[in-house]
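Undergrad: First the structure, then my questions, so here it is.
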Amino acid sequence: MVGSNGIGKSTLLRTLGNIHPSLSGEIKINGVPLPQLASEKVATTISLVLTEPLATKNLTVSELVALGRQPYTNWIGTLTKTDIQKITEAIKMLDLGELSQKKCHTLSDGQLQRVLIARALAQDTDIMLLDEPTTHLDLYHKVGIFKLLRSIAHKTNKTIFFTSHEIEMCLQLCDTLLILNGADNPFGRPSELTKNGHLDTLFPSDTVVFDAKTNSFRIQK
């Protein structure tokens, strides 16, 4: 999901994640309105990676990823063989093996973002929602996160929906895009949206213009 600042991307994502009440309309999962689902059912269907700082970074990487299994554990949090398997698989897929016993406060922003994605992956939900997962990362690590999310979606058949300001990367790496523009909010494959001119009016034309030939924005001097 892309769009200008303040258009409501994070609000919509949090509404889909059952954090914010709906302003209008209705959200259904498998035909059931989201507010009617038990919290346990929501937690095993939707996982979230938000922009809020962690309450504590004194956990190890392995401990933080293990929190993703909370919806499945008993009241004292005992991990079963299945839980341990899901945690191990998530750590392996995010290439965190060498960091598994490091404290989270010692990690770089890029490493911590991979840990948070691993926690959501360990939660083993059909839907993963992420709010601006590449914020504060350099170009190399932004591309790494984008390619990682694409790989996870294709390998696990999960739906990964995230907000981003990296529109040009989204055009190259995402399967589908929602352009939040406050009007018709077009949704479709990047090539279709580009062909139909939906990116041409995303920003004021006296500031930046979209070049459909290169899939990039050009500054108006």
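The chains in the structure tokens are called A, B, ... from first to last as shown; in each chain the residues are counted from 1, and the ligands are counted from 1 in the order shown.
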Give me the residues within 12 Å of Val65 (chain A) as a ChimeraX atom specification, counting only C-alpha atoms and dropping any in the same chain fewer than 6 places off.
TA: /A:59,83-92,94,96-97,99-101,103-104,112-124
Undergrad: Keeping C-alpha atoms, export the residues of the selection given above as a PDB file, in the first residue's frame.
TA:
```pdb
ATOM      1  CA  LEU A  59      15.443 -10.291  25.213  1.00  0.00           C
ATOM      2  CA  ASP A  83       6.332 -24.316  18.644  1.00  0.00           C
ATOM      3  CA  ILE A  84      10.085 -24.944  18.696  1.00  0.00           C
ATOM      4  CA  GLN A  85       9.946 -26.112  15.075  1.00  0.00           C
ATOM      5  CA  LYS A  86       8.146 -22.927  13.961  1.00  0.00           C
ATOM      6  CA  ILE A  87      10.633 -20.744  15.857  1.00  0.00           C
ATOM      7  CA  THR A  88      13.591 -22.611  14.377  1.00  0.00           C
ATOM      8  CA  GLU A  89      12.165 -22.363  10.851  1.00  0.00           C
ATOM      9  CA  ALA A  90      11.577 -18.615  11.205  1.00  0.00           C
ATOM     10  CA  ILE A  91      15.097 -17.999  12.500  1.00  0.00           C
ATOM     11  CA  LYS A  92      16.527 -20.020   9.622  1.00  0.00           C
ATOM     12  CA  LEU A  94      15.451 -14.862   8.198  1.00  0.00           C
ATOM     13  CA  LEU A  96      19.324 -15.156  12.136  1.00  0.00           C
ATOM     14  CA  GLY A  97      21.119 -18.295  13.320  1.00  0.00           C
ATOM     15  CA  LEU A  99      22.407 -13.839  16.101  1.00  0.00           C
ATOM     16  CA  SER A 100      19.959 -16.096  17.945  1.00  0.00           C
ATOM     17  CA  GLN A 101      21.573 -15.644  21.384  1.00  0.00           C
ATOM     18  CA  LYS A 103      20.442  -9.378  22.972  1.00  0.00           C
ATOM     19  CA  CYS A 104      18.127  -7.324  20.773  1.00  0.00           C
ATOM     20  CA  LEU A 112      16.108  -5.964  14.438  1.00  0.00           C
ATOM     21  CA  GLN A 113      13.640  -5.584  11.582  1.00  0.00           C
ATOM     22  CA  ARG A 114      14.467  -9.119  10.434  1.00  0.00           C
ATOM     23  CA  VAL A 115      13.880 -10.368  13.993  1.00  0.00           C
ATOM     24  CA  LEU A 116      10.451  -8.716  14.115  1.00  0.00           C
ATOM     25  CA  ILE A 117       9.547 -10.286  10.785  1.00  0.00           C
ATOM     26  CA  ALA A 118      10.750 -13.651  12.113  1.00  0.00           C
ATOM     27  CA  ARG A 119       8.480 -13.235  15.152  1.00  0.00           C
ATOM     28  CA  ALA A 120       5.508 -12.636  12.836  1.00  0.00           C
ATOM     29  CA  LEU A 121       6.545 -15.609  10.695  1.00  0.00           C
ATOM     30  CA  ALA A 122       6.776 -17.859  13.777  1.00  0.00           C
ATOM     31  CA  GLN A 123       3.197 -16.835  14.583  1.00  0.00           C
ATOM     32  CA  ASP A 124       2.304 -18.805  11.445  1.00  0.00           C
TER      33      ASP A 124
END
```
Undergrad: Which residues are near Asp211 (chain A)? Cut-off 9 Å, only C-alpha atoms, ignore same chain within fewer than 6 positions. Put them as a VMD selection string.
TA: chain A and resid 200 217 to 218
Undergrad: Those selected residues, please, written with N, CA, C and O atoms and delivered as a PDB file, in the first residue's frame.
TA:
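Once written, again.pdb looks like this:
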```
ATOM      1  N   ASP A 200       0.417   8.811 -12.155  1.00  0.00           N
ATOM      2  CA  ASP A 200       0.704  10.132 -12.714  1.00  0.00           C
ATOM      3  C   ASP A 200       0.219  11.265 -11.818  1.00  0.00           C
ATOM      4  O   ASP A 200       0.788  12.362 -11.822  1.00  0.00           O
ATOM      5  N   PHE A 217      10.158   8.278 -10.493  1.00  0.00           N
ATOM      6  CA  PHE A 217       9.691   9.652 -10.364  1.00  0.00           C
ATOM      7  C   PHE A 217      10.840  10.598 -10.681  1.00  0.00           C
ATOM      8  O   PHE A 217      11.988  10.362 -10.318  1.00  0.00           O
ATOM      9  N   ARG A 218      10.494  11.692 -11.359  1.00  0.00           N
ATOM     10  CA  ARG A 218      11.487  12.687 -11.738  1.00  0.00           C
ATOM     11  C   ARG A 218      11.134  14.025 -11.093  1.00  0.00           C
ATOM     12  O   ARG A 218       9.980  14.451 -11.116  1.00  0.00           O
TER      13      ARG A 218
END
```
Undergrad: Nearest to Gly3 (chain A): which of A:Leu67, A:Leu199, A:Leu180, A:Leu193 is it, counting only C-alpha atoms?
TA: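 Smallest distance to Gly3 (chain A) is found for A:Leu180.
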Undergrad: Measuring between only C-alpha atoms, which one of A:Thr106, A:Pro21, A:Leu54, A:Ile127 shows the shortest distance to Val42 (chain A)?
TA: A:Ile127
Undergrad: Find the residues around Thr134 (chain A) up to 8 Å (only C-alpha atoms counted), leave out those fewer than 6 positions away in its own chain, and share them as a PDB file with C-alpha atoms, in the first residue's frame.
TA:
```
ATOM      1  CA  GLN A 113      13.640  -5.584  11.582  1.00  0.00           C
ATOM      2  CA  HIS A 141      18.905  -3.121   3.561  1.00  0.00           C
ATOM      3  CA  LYS A 142      15.640  -1.740   2.134  1.00  0.00           C
ATOM      4  CA  ILE A 145      13.783  -6.587   3.289  1.00  0.00           C
ATOM      5  CA  SER A 164       5.674   1.811   2.160  1.00  0.00           C
TER       6      SER A 164
END
```
Undergrad: For the helix (DSSP H, G or I) assignment from backbone DSSP, which residues of region 28-198 of chain A qualify? Please present them as a ChimeraX atom specification.
TA: /A:34-36,39-43,61-72,81-93,97-99,104-106,109-122,139-156,167-173,190-195
Undergrad: Applying 12 Å and only C-alpha atoms, which residues near Lys195 (chain A) remain after dropping the ones on its own chain fewer than 3 positions away? List them as a PyMOL selection string.
TA: chain A and resi 188-192+198-200+210-213+215
Undergrad: Would you save the residues from that selection as a CSV table (one decimal), in the first residue's frame, using all heavy atoms?
TA:
```
chain,number,residue,atom,x,y,z
A,188,GLY,N,-4.2,-3.2,-8.1
A,188,GLY,CA,-3.9,-4.1,-9.2
A,188,GLY,C,-2.4,-4.4,-9.3
A,188,GLY,O,-1.6,-4.0,-8.5
A,189,ARG,N,-2.1,-5.1,-10.4
A,189,ARG,CA,-0.7,-5.3,-10.7
A,189,ARG,C,0.1,-4.0,-11.0
A,189,ARG,O,-0.5,-3.1,-11.7
A,189,ARG,CB,-0.5,-6.3,-11.8
A,189,ARG,CG,-1.0,-7.7,-11.5
A,189,ARG,CD,-0.7,-8.7,-12.6
A,189,ARG,NE,-1.2,-10.0,-12.2
A,189,ARG,CZ,-0.5,-10.9,-11.4
A,189,ARG,NH1,0.7,-10.5,-10.9
A,189,ARG,NH2,-1.0,-12.1,-11.1
A,190,PRO,N,1.3,-3.9,-10.6
A,190,PRO,CA,2.1,-2.6,-10.9
A,190,PRO,C,2.0,-2.2,-12.4
A,190,PRO,O,1.8,-1.1,-12.7
A,190,PRO,CB,3.5,-3.0,-10.4
A,190,PRO,CG,3.3,-3.9,-9.3
A,190,PRO,CD,2.1,-4.8,-9.8
A,191,SER,N,2.2,-3.2,-13.3
A,191,SER,CA,2.2,-2.9,-14.7
A,191,SER,C,0.8,-2.3,-15.1
A,191,SER,O,0.8,-1.4,-16.0
A,191,SER,CB,2.5,-4.2,-15.5
A,191,SER,OG,1.6,-5.2,-15.2
A,192,GLU,N,-0.3,-2.8,-14.6
A,192,GLU,CA,-1.6,-2.3,-14.9
A,192,GLU,C,-1.8,-0.9,-14.4
A,192,GLU,O,-2.4,-0.1,-15.1
A,192,GLU,CB,-2.7,-3.3,-14.4
A,192,GLU,CG,-2.6,-4.7,-14.9
A,192,GLU,CD,-3.5,-5.6,-14.2
A,192,GLU,OE1,-4.1,-5.2,-13.1
A,192,GLU,OE2,-3.7,-6.8,-14.6
A,198,HIS,N,-2.3,5.6,-13.1
A,198,HIS,CA,-2.7,5.9,-11.7
A,198,HIS,C,-1.6,6.5,-10.9
A,198,HIS,O,-1.9,7.1,-9.8
A,198,HIS,CB,-3.2,4.6,-11.1
A,198,HIS,CG,-4.5,4.1,-11.6
A,198,HIS,ND1,-5.7,4.8,-11.5
A,198,HIS,CD2,-4.8,2.9,-12.3
A,198,HIS,CE1,-6.7,4.1,-12.1
A,198,HIS,NE2,-6.2,2.9,-12.5
A,199,LEU,N,-0.4,6.4,-11.4
A,199,LEU,CA,0.7,7.0,-10.6
A,199,LEU,C,1.0,8.4,-11.0
A,199,LEU,O,1.8,9.1,-10.4
A,199,LEU,CB,2.0,6.1,-10.8
A,199,LEU,CG,1.9,4.8,-10.1
A,199,LEU,CD1,2.9,3.8,-10.7
A,199,LEU,CD2,2.3,4.9,-8.6
A,200,ASP,N,0.4,8.8,-12.2
A,200,ASP,CA,0.7,10.1,-12.7
A,200,ASP,C,0.2,11.3,-11.8
A,200,ASP,O,0.8,12.4,-11.8
A,200,ASP,CB,0.1,10.3,-14.1
A,200,ASP,CG,0.6,9.3,-15.1
A,200,ASP,OD1,1.7,8.7,-14.8
A,200,ASP,OD2,0.0,9.1,-16.2
A,210,PHE,N,5.8,11.3,-12.8
A,210,PHE,CA,6.1,9.9,-12.9
A,210,PHE,C,6.4,9.6,-14.4
A,210,PHE,O,5.7,10.0,-15.3
A,210,PHE,CB,4.9,9.0,-12.5
A,210,PHE,CG,5.2,7.5,-12.6
A,210,PHE,CD1,6.1,6.9,-11.7
A,210,PHE,CD2,4.6,6.8,-13.5
A,210,PHE,CE1,6.3,5.5,-11.8
A,210,PHE,CE2,4.8,5.4,-13.6
A,210,PHE,CZ,5.7,4.8,-12.8
A,211,ASP,N,7.5,8.9,-14.6
A,211,ASP,CA,8.0,8.4,-15.9
A,211,ASP,C,7.6,7.0,-16.1
A,211,ASP,O,8.3,6.1,-15.5
A,211,ASP,CB,9.5,8.7,-16.1
A,211,ASP,CG,10.0,8.4,-17.5
A,211,ASP,OD1,9.2,7.7,-18.2
A,211,ASP,OD2,11.1,8.9,-17.8
A,212,ALA,N,6.6,6.7,-16.8
A,212,ALA,CA,6.1,5.3,-17.0
A,212,ALA,C,7.2,4.4,-17.7
A,212,ALA,O,7.2,3.2,-17.6
A,212,ALA,CB,4.8,5.3,-17.8
A,213,LYS,N,8.0,5.0,-18.5
A,213,LYS,CA,9.0,4.3,-19.3
A,213,LYS,C,10.1,3.7,-18.4
A,213,LYS,O,10.6,2.6,-18.6
A,213,LYS,CB,9.7,5.1,-20.3
A,213,LYS,CG,8.8,5.6,-21.4
A,213,LYS,CD,9.5,6.4,-22.5
A,213,LYS,CE,8.6,6.9,-23.6
A,213,LYS,NZ,9.3,7.7,-24.6
A,215,ASN,N,9.6,3.6,-14.8
A,215,ASN,CA,9.0,3.3,-13.5
A,215,ASN,C,9.6,4.1,-12.4
A,215,ASN,O,9.9,3.5,-11.3
A,215,ASN,CB,9.0,1.8,-13.2
A,215,ASN,CG,7.8,1.0,-13.8
A,215,ASN,OD1,6.9,1.6,-14.4
A,215,ASN,ND2,7.8,-0.3,-13.7
```
Undergrad: Expressed in Å to a single decimal, how great is the separation between CA of Ile46 (chain A) and CA of Ile76 (chain A)?
TA: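 Atom-to-atom, CA of Ile46 (chain A) and CA of Ile76 (chain A) are spaced 22.5 Å apart.
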Undergrad: Among region 126-162 of chain A, which ones does DSSP assign to strand (DSSP E or B) (computed from the backbone)? Answer as a PDB file with all heavy atoms, in the first residue's frame.
TA:
```pdb
ATOM      1  N   ILE A 127      -2.081 -14.256   7.156  1.00  0.00           N
ATOM      2  CA  ILE A 127      -1.929 -12.854   6.773  1.00  0.00           C
ATOM      3  C   ILE A 127      -0.879 -12.197   7.657  1.00  0.00           C
ATOM      4  O   ILE A 127      -0.927 -12.314   8.883  1.00  0.00           O
ATOM      5  CB  ILE A 127      -3.263 -12.098   6.918  1.00  0.00           C
ATOM      6  CG1 ILE A 127      -4.354 -12.756   6.070  1.00  0.00           C
ATOM      7  CG2 ILE A 127      -3.098 -10.621   6.541  1.00  0.00           C
ATOM      8  CD1 ILE A 127      -5.756 -12.250   6.366  1.00  0.00           C
ATOM      9  N   MET A 128       0.081 -11.500   7.035  1.00  0.00           N
ATOM     10  CA  MET A 128       1.079 -10.724   7.756  1.00  0.00           C
ATOM     11  C   MET A 128       0.930  -9.260   7.348  1.00  0.00           C
ATOM     12  O   MET A 128       0.947  -8.933   6.161  1.00  0.00           O
ATOM     13  CB  MET A 128       2.494 -11.215   7.448  1.00  0.00           C
ATOM     14  CG  MET A 128       2.798 -12.621   7.943  1.00  0.00           C
ATOM     15  SD  MET A 128       4.429 -13.240   7.399  1.00  0.00           S
ATOM     16  CE  MET A 128       5.539 -12.044   8.177  1.00  0.00           C
ATOM     17  N   LEU A 129       0.784  -8.375   8.329  1.00  0.00           N
ATOM     18  CA  LEU A 129       0.652  -6.943   8.089  1.00  0.00           C
ATOM     19  C   LEU A 129       1.870  -6.229   8.653  1.00  0.00           C
ATOM     20  O   LEU A 129       2.245  -6.448   9.804  1.00  0.00           O
ATOM     21  CB  LEU A 129      -0.616  -6.393   8.756  1.00  0.00           C
ATOM     22  CG  LEU A 129      -1.946  -7.066   8.384  1.00  0.00           C
ATOM     23  CD1 LEU A 129      -3.087  -6.431   9.183  1.00  0.00           C
ATOM     24  CD2 LEU A 129      -2.224  -6.950   6.893  1.00  0.00           C
ATOM     25  N   LEU A 130       2.494  -5.374   7.841  1.00  0.00           N
ATOM     26  CA  LEU A 130       3.689  -4.647   8.267  1.00  0.00           C
ATOM     27  C   LEU A 130       3.539  -3.173   7.932  1.00  0.00           C
ATOM     28  O   LEU A 130       3.167  -2.807   6.817  1.00  0.00           O
ATOM     29  CB  LEU A 130       4.954  -5.200   7.596  1.00  0.00           C
ATOM     30  CG  LEU A 130       5.260  -6.680   7.769  1.00  0.00           C
ATOM     31  CD1 LEU A 130       4.689  -7.479   6.590  1.00  0.00           C
ATOM     32  CD2 LEU A 130       6.751  -6.926   7.870  1.00  0.00           C
ATOM     33  N   ASP A 131       3.847  -2.326   8.902  1.00  0.00           N
ATOM     34  CA  ASP A 131       3.757  -0.881   8.706  1.00  0.00           C
ATOM     35  C   ASP A 131       5.156  -0.321   8.443  1.00  0.00           C
ATOM     36  O   ASP A 131       5.994  -0.288   9.339  1.00  0.00           O
ATOM     37  CB  ASP A 131       3.145  -0.219   9.941  1.00  0.00           C
ATOM     38  CG  ASP A 131       2.718   1.219   9.682  1.00  0.00           C
ATOM     39  OD1 ASP A 131       2.706   1.631   8.511  1.00  0.00           O
ATOM     40  OD2 ASP A 131       2.398   1.927  10.657  1.00  0.00           O
ATOM     41  N   THR A 159      -0.248 -14.201   2.629  1.00  0.00           N
ATOM     42  CA  THR A 159      -0.507 -12.861   2.119  1.00  0.00           C
ATOM     43  C   THR A 159       0.258 -11.868   2.982  1.00  0.00           C
ATOM     44  O   THR A 159       0.028 -11.792   4.193  1.00  0.00           O
ATOM     45  CB  THR A 159      -2.013 -12.527   2.165  1.00  0.00           C
ATOM     46  OG1 THR A 159      -2.716 -13.407   1.287  1.00  0.00           O
ATOM     47  CG2 THR A 159      -2.255 -11.090   1.743  1.00  0.00           C
ATOM     48  N   ILE A 160       1.179 -11.127   2.380  1.00  0.00           N
ATOM     49  CA  ILE A 160       1.961 -10.123   3.109  1.00  0.00           C
ATOM     50  C   ILE A 160       1.567  -8.750   2.573  1.00  0.00           C
ATOM     51  O   ILE A 160       1.784  -8.443   1.394  1.00  0.00           O
ATOM     52  CB  ILE A 160       3.470 -10.365   2.943  1.00  0.00           C
ATOM     53  CG1 ILE A 160       3.845 -11.737   3.517  1.00  0.00           C
ATOM     54  CG2 ILE A 160       4.263  -9.258   3.631  1.00  0.00           C
ATOM     55  CD1 ILE A 160       5.327 -12.053   3.419  1.00  0.00           C
ATOM     56  N   PHE A 161       0.976  -7.950   3.439  1.00  0.00           N
ATOM     57  CA  PHE A 161       0.469  -6.630   3.059  1.00  0.00           C
ATOM     58  C   PHE A 161       1.187  -5.584   3.901  1.00  0.00           C
ATOM     59  O   PHE A 161       1.163  -5.657   5.127  1.00  0.00           O
ATOM     60  CB  PHE A 161      -1.036  -6.585   3.310  1.00  0.00           C
ATOM     61  CG  PHE A 161      -1.713  -5.325   2.826  1.00  0.00           C
ATOM     62  CD1 PHE A 161      -1.492  -4.829   1.549  1.00  0.00           C
ATOM     63  CD2 PHE A 161      -2.591  -4.649   3.655  1.00  0.00           C
ATOM     64  CE1 PHE A 161      -2.133  -3.679   1.106  1.00  0.00           C
ATOM     65  CE2 PHE A 161      -3.236  -3.500   3.223  1.00  0.00           C
ATOM     66  CZ  PHE A 161      -3.002  -3.011   1.944  1.00  0.00           C
ATOM     67  N   PHE A 162       1.844  -4.634   3.242  1.00  0.00           N
ATOM     68  CA  PHE A 162       2.604  -3.643   4.009  1.00  0.00           C
ATOM     69  C   PHE A 162       2.490  -2.257   3.408  1.00  0.00           C
ATOM     70  O   PHE A 162       2.226  -2.097   2.212  1.00  0.00           O
ATOM     71  CB  PHE A 162       4.088  -4.059   4.109  1.00  0.00           C
ATOM     72  CG  PHE A 162       4.813  -4.116   2.793  1.00  0.00           C
ATOM     73  CD1 PHE A 162       5.526  -3.025   2.318  1.00  0.00           C
ATOM     74  CD2 PHE A 162       4.807  -5.283   2.035  1.00  0.00           C
ATOM     75  CE1 PHE A 162       6.204  -3.080   1.115  1.00  0.00           C
ATOM     76  CE2 PHE A 162       5.477  -5.354   0.831  1.00  0.00           C
ATOM     77  CZ  PHE A 162       6.185  -4.247   0.360  1.00  0.00           C
TER      78      PHE A 162
END
```
Undergrad: In Å, how far is it from CA of Leu173 (chain A) to CA of Lys147 (chain A)?
TA: 7.1 Å
Undergrad: Work out how far apart CA of Ser10 (chain A) and CA of Ser62 (chain A) are and give it in Å to one decimal.
TA: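 Atom-to-atom, CA of Ser10 (chain A) and CA of Ser62 (chain A) are spaced 28.1 Å apart.
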Undergrad: Find, counting only C-alpha atoms, the residue in A:Pro133, A:Pro186, A:Gly110, A:Gly25 that gets nearest to Thr163 (chain A).
TA: A:Pro133
Undergrad: Pick from A:Glu168, A:Asp175, A:Glu63, A:Asp95: nearest to His154 (chain A), with only C-alpha atoms counted?
TA: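 Nearest to His154 (chain A): A:Asp175.
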Undergrad: Can you work out which one of A:Gln36, A:Thr156, A:Thr15, A:Thr125 has the shortest atom-to-atom distance to Gly68 (chain A), counting only C-alpha atoms?
TA: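 Of the candidates, the smallest distance to Gly68 (chain A) is held by A:Thr125.
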Undergrad: Name the closest residue to Thr60 (chain A) among the candidates A:Gln111, A:Phe203, A:Gly182, A:His105; distances are taken between atoms, counting only C-alpha atoms.
TA: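 Among the listed residues, the smallest separation from Thr60 (chain A) belongs to A:His105.
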